[in-house]
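Novice: So I've got this file, target_35.pdb, and it contains PDB, C-alpha atoms and all ligand atoms:
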```
ATOM      1  CA  MET R 248     -15.041  17.676 -40.506  1.00  0.00           C
ATOM      2  CA  ALA R 249     -13.659  21.094 -39.804  1.00  0.00           C
ATOM      3  CA  LEU R 250     -10.249  21.996 -38.463  1.00  0.00           C
ATOM      4  CA  VAL R 251     -10.272  24.542 -35.686  1.00  0.00           C
ATOM      5  CA  THR R 252      -6.971  26.113 -34.652  1.00  0.00           C
ATOM      6  CA  PHE R 253      -6.938  27.793 -31.258  1.00  0.00           C
ATOM      7  CA  SER R 254      -4.328  30.488 -30.821  1.00  0.00           C
ATOM      8  CA  SER R 255      -3.387  32.562 -27.808  1.00  0.00           C
ATOM      9  CA  PRO R 256      -0.306  34.650 -26.974  1.00  0.00           C
ATOM     10  CA  GLU R 257      -0.035  32.690 -23.712  1.00  0.00           C
ATOM     11  CA  PHE R 258      -0.300  29.134 -25.047  1.00  0.00           C
ATOM     12  CA  LYS R 259       0.944  27.012 -27.903  1.00  0.00           C
ATOM     13  CA  ASP R 260      -1.398  26.864 -30.907  1.00  0.00           C
ATOM     14  CA  LYS R 261      -3.540  23.769 -31.018  1.00  0.00           C
ATOM     15  CA  THR R 262      -5.535  22.437 -33.964  1.00  0.00           C
ATOM     16  CA  VAL R 263      -8.422  20.061 -33.375  1.00  0.00           C
ATOM     17  CA  TYR R 264     -11.026  18.312 -35.470  1.00  0.00           C
ATOM     18  CA  ALA R 265     -14.627  19.339 -35.049  1.00  0.00           C
ATOM     19  CA  VAL R 266     -17.691  17.501 -36.199  1.00  0.00           C
ATOM     20  CA  ALA R 267     -19.408  20.129 -38.287  1.00  0.00           C
ATOM     21  CA  GLY R 268     -23.139  20.333 -38.646  1.00  0.00           C
ATOM     22  CA  SER R 269     -24.037  18.820 -35.288  1.00  0.00           C
ATOM     23  CA  HIS R 270     -25.748  22.099 -34.360  1.00  0.00           C
ATOM     24  CA  THR R 271     -24.688  21.554 -30.781  1.00  0.00           C
ATOM     25  CA  GLU R 272     -20.919  21.815 -30.701  1.00  0.00           C
ATOM     26  CA  THR R 273     -19.898  25.320 -29.790  1.00  0.00           C
ATOM     27  CA  ILE R 274     -16.368  26.656 -29.927  1.00  0.00           C
ATOM     28  CA  LEU R 275     -16.360  26.687 -26.130  1.00  0.00           C
ATOM     29  CA  LYS R 276     -17.481  23.070 -25.891  1.00  0.00           C
ATOM     30  CA  LEU R 277     -14.796  22.079 -28.379  1.00  0.00           C
ATOM     31  CA  ALA R 278     -12.194  23.999 -26.369  1.00  0.00           C
ATOM     32  CA  LYS R 279     -13.253  22.345 -23.105  1.00  0.00           C
ATOM     33  CA  THR R 280     -13.213  18.874 -24.681  1.00  0.00           C
ATOM     34  CA  ASN R 281      -9.671  19.483 -25.852  1.00  0.00           C
ATOM     35  CA  LYS R 282      -8.492  21.173 -22.650  1.00  0.00           C
ATOM     36  CA  ILE R 283      -7.902  24.528 -24.336  1.00  0.00           C
ATOM     37  CA  PRO R 284      -8.152  27.296 -21.742  1.00  0.00           C
ATOM     38  CA  VAL R 285     -10.635  29.646 -23.430  1.00  0.00           C
ATOM     39  CA  LYS R 286     -11.944  31.980 -20.736  1.00  0.00           C
ATOM     40  CA  PHE R 287     -15.635  31.831 -19.918  1.00  0.00           C
ATOM     41  CA  ASP R 288     -17.956  32.702 -17.112  1.00  0.00           C
ATOM     42  CA  CYS R 289     -21.674  32.233 -17.710  1.00  0.00           C
ATOM     43  CA  GLY R 290     -21.477  29.792 -20.633  1.00  0.00           C
ATOM     44  CA  ASP R 291     -24.794  31.151 -21.820  1.00  0.00           C
ATOM     45  CA  GLY R 292     -24.147  34.185 -23.989  1.00  0.00           C
ATOM     46  CA  GLU R 293     -24.713  36.743 -21.249  1.00  0.00           C
ATOM     47  CA  CYS R 294     -21.357  37.954 -19.913  1.00  0.00           C
ATOM     48  CA  GLY R 295     -19.070  38.335 -22.950  1.00  0.00           C
ATOM     49  CA  SER R 296     -16.040  36.837 -21.184  1.00  0.00           C
ATOM     50  CA  CYS R 297     -15.619  34.217 -23.902  1.00  0.00           C
ATOM     51  CA  VAL R 298     -15.259  36.684 -26.782  1.00  0.00           C
ATOM     52  CA  VAL R 299     -12.912  35.367 -29.487  1.00  0.00           C
ATOM     53  CA  ARG R 300     -11.695  36.525 -32.877  1.00  0.00           C
ATOM     54  CA  VAL R 301     -12.530  34.111 -35.663  1.00  0.00           C
ATOM     55  CA  THR R 302     -10.916  34.138 -39.091  1.00  0.00           C
ATOM     56  CA  SER R 303     -11.003  31.641 -41.897  1.00  0.00           C
ATOM     57  CA  ILE R 304      -8.062  29.434 -42.767  1.00  0.00           C
ATOM     58  CA  ASP R 305     -10.208  27.498 -45.158  1.00  0.00           C
ATOM     59  CA  ARG R 306      -9.419  26.604 -48.716  1.00  0.00           C
ATOM     60  CA  LYS R 307     -12.718  28.140 -49.701  1.00  0.00           C
ATOM     61  CA  PRO R 308     -12.314  31.700 -50.931  1.00  0.00           C
ATOM     62  CA  VAL R 309     -15.310  33.122 -49.122  1.00  0.00           C
ATOM     63  CA  ARG R 310     -16.107  32.722 -45.448  1.00  0.00           C
ATOM     64  CA  MET R 311     -19.497  31.498 -44.336  1.00  0.00           C
ATOM     65  CA  GLY R 312     -22.007  33.981 -43.016  1.00  0.00           C
ATOM     66  CA  ALA R 313     -22.176  34.842 -39.355  1.00  0.00           C
ATOM     67  CA  HIS R 314     -25.509  33.538 -38.075  1.00  0.00           C
ATOM     68  CA  LEU R 315     -25.046  35.470 -34.866  1.00  0.00           C
ATOM     69  CA  THR R 316     -27.391  34.522 -32.069  1.00  0.00           C
ATOM     70  CA  GLU R 317     -29.547  37.251 -30.554  1.00  0.00           C
ATOM     71  CA  LYS R 318     -27.422  37.099 -27.404  1.00  0.00           C
ATOM     72  CA  GLU R 319     -24.235  37.518 -29.420  1.00  0.00           C
ATOM     73  CA  LYS R 320     -25.624  40.541 -31.224  1.00  0.00           C
ATOM     74  CA  GLU R 321     -26.476  42.192 -27.930  1.00  0.00           C
ATOM     75  CA  VAL R 322     -23.271  41.323 -26.072  1.00  0.00           C
ATOM     76  CA  LEU R 323     -20.928  42.125 -28.979  1.00  0.00           C
ATOM     77  CA  ARG R 324     -22.554  45.536 -29.244  1.00  0.00           C
ATOM     78  CA  GLN R 325     -22.206  46.108 -25.513  1.00  0.00           C
ATOM     79  CA  LEU R 326     -18.523  45.133 -25.694  1.00  0.00           C
ATOM     80  CA  GLY R 327     -17.990  47.657 -28.486  1.00  0.00           C
ATOM     81  CA  LYS R 328     -16.953  44.957 -30.961  1.00  0.00           C
ATOM     82  CA  LEU R 329     -19.757  45.821 -33.372  1.00  0.00           C
ATOM     83  CA  THR R 330     -21.584  49.019 -34.153  1.00  0.00           C
ATOM     84  CA  LYS R 331     -25.270  49.015 -34.972  1.00  0.00           C
ATOM     85  CA  ASP R 332     -24.458  49.672 -38.646  1.00  0.00           C
ATOM     86  CA  GLU R 333     -21.869  46.883 -38.836  1.00  0.00           C
ATOM     87  CA  LEU R 334     -24.312  44.495 -37.263  1.00  0.00           C
ATOM     88  CA  GLU R 335     -27.045  45.431 -39.684  1.00  0.00           C
ATOM     89  CA  ASN R 336     -24.675  44.958 -42.631  1.00  0.00           C
ATOM     90  CA  ILE R 337     -23.632  41.503 -41.354  1.00  0.00           C
ATOM     91  CA  VAL R 338     -27.219  40.358 -40.889  1.00  0.00           C
ATOM     92  CA  VAL R 339     -28.646  41.795 -44.108  1.00  0.00           C
ATOM     93  CA  ASN R 340     -25.793  40.593 -46.329  1.00  0.00           C
ATOM     94  CA  ASP R 341     -25.067  37.332 -44.473  1.00  0.00           C
ATOM     95  CA  LEU R 342     -21.437  38.305 -43.932  1.00  0.00           C
ATOM     96  CA  PRO R 343     -18.907  36.711 -41.588  1.00  0.00           C
ATOM     97  CA  CYS R 344     -18.239  38.457 -38.287  1.00  0.00           C
ATOM     98  CA  GLU R 345     -14.726  38.311 -36.855  1.00  0.00           C
ATOM     99  CA  TRP R 346     -15.883  38.673 -33.255  1.00  0.00           C
ATOM    100  CA  ARG R 347     -17.876  35.836 -31.739  1.00  0.00           C
ATOM    101  CA  LEU R 348     -18.836  34.436 -28.393  1.00  0.00           C
ATOM    102  CA  ALA R 349     -17.216  31.027 -28.009  1.00  0.00           C
ATOM    103  CA  CYS R 350     -20.173  29.754 -25.986  1.00  0.00           C
ATOM    104  CA  GLN R 351     -22.613  30.657 -28.767  1.00  0.00           C
ATOM    105  CA  MET R 352     -20.820  30.007 -32.033  1.00  0.00           C
ATOM    106  CA  ILE R 353     -21.607  26.608 -33.495  1.00  0.00           C
ATOM    107  CA  VAL R 354     -18.820  24.968 -35.448  1.00  0.00           C
ATOM    108  CA  ARG R 355     -19.593  24.708 -39.141  1.00  0.00           C
ATOM    109  CA  ASP R 356     -17.923  22.972 -42.036  1.00  0.00           C
ATOM    110  CA  GLU R 357     -15.181  25.530 -42.309  1.00  0.00           C
ATOM    111  CA  ASP R 358     -11.552  25.583 -41.156  1.00  0.00           C
ATOM    112  CA  ILE R 359     -11.075  28.487 -38.805  1.00  0.00           C
ATOM    113  CA  LEU R 360      -8.568  30.198 -36.578  1.00  0.00           C
ATOM    114  CA  VAL R 361      -9.893  31.106 -33.135  1.00  0.00           C
ATOM    115  CA  GLU R 362      -7.854  33.694 -31.243  1.00  0.00           C
ATOM    116  CA  TYR R 363      -8.619  33.802 -27.553  1.00  0.00           C
TER     117      TYR R 363
HETATM  118  S1  LIG G   1     -19.324  32.597 -21.342  1.00  0.00           S
HETATM  119 FE1  LIG G   1     -20.574  34.295 -20.939  1.00  0.00          FE
HETATM  120  S2  LIG G   1     -21.020  34.999 -22.920  1.00  0.00           S
HETATM  121 FE2  LIG G   1     -19.919  33.191 -23.298  1.00  0.00          FE
END
```
Kindly transcribe the structure held in the file into structure tokens.
Specialist:
Amino acid sequence: MALVTFSSPEFKDKTVYAVAGSHTETILKLAKTNKIPVKFDCGDGECGSCVVRVTSIDRKPVRMGAHLTEKEKEVLRQLGKLTKDELENIVVNDLPCEWRLACQMIVRDEDILVEY
């Protein structure tokens, strides 16, 4: 079980439980299930409208690596959220990435804050 807290300047923060490790539950799916108004358009990692900032609020000292999808890598670069060098560093060193696409990021066993 992971705790995911959704935060937006326009809405009250909401924390929900997520079943980690299902390999199917994306941040966007979790938001929809819990009626959290995360913006999205394509739902398929193409448009970038669902970009969110993800930080750890876990008890663990080190955040999990990013495991960015190919679509995320491309779109985050197009949006200017990641440079080519930053992306390479994240992939090579398995580092966390603060910018994610809600429709692509799979919930893992980690408590996170999602700013949308
Ligand atoms: S909704 Fe289009 S990239 Fe996520």
Novice: Using the chain letters and numbers from this file, what does the PyMOL selection byres (((chain R and resi 248) around 12) and not hetatm) select? Give the answer as a PyMOL selection string.
Specialist: chain R and resi 249-251+263-269+305+354-359
Novice: Please, which residues have at least one atom within 8 Å of an atom of ligand LIG 1 (chain G), using all atoms listed in the file, listed as an MDAnalysis selection string?
Specialist: chainID R and resid 275 286:298 319 322 348:351
Novice: Around (-20.9, 44.7, -35.7) in the file's frame, which residues reach within 12 Å when counting all atoms listed in the file? Return as JSON, numbers by chain?
Specialist: {"R": [313, 315, 319, 320, 321, 322, 323, 324, 325, 326, 327, 328, 329, 330, 331, 332, 333, 334, 335, 336, 337, 338, 339, 342, 343, 344, 345, 346, 347]}
Novice: Using Å and a single decimal, report how far atom CA of R:His314 sits from atom CA of R:Pro256.
Specialist: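 So the answer is 27.6 Å.
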Novice: Using atom CA of R:His270 and atom CA of R:Phe258 as the two end points, give the distance in Å to one decimal.
Specialist: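 Between atom CA of R:His270 and atom CA of R:Phe258 the gap works out to 28.0 Å.
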Novice: Quick check, in Å to one decimal: how far apart do atom CA of R:Leu360 and atom CA of R:Ala278 lie?
Specialist: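 Answer for the atom CA of R:Leu360 to atom CA of R:Ala278 separation: 12.5 Å.
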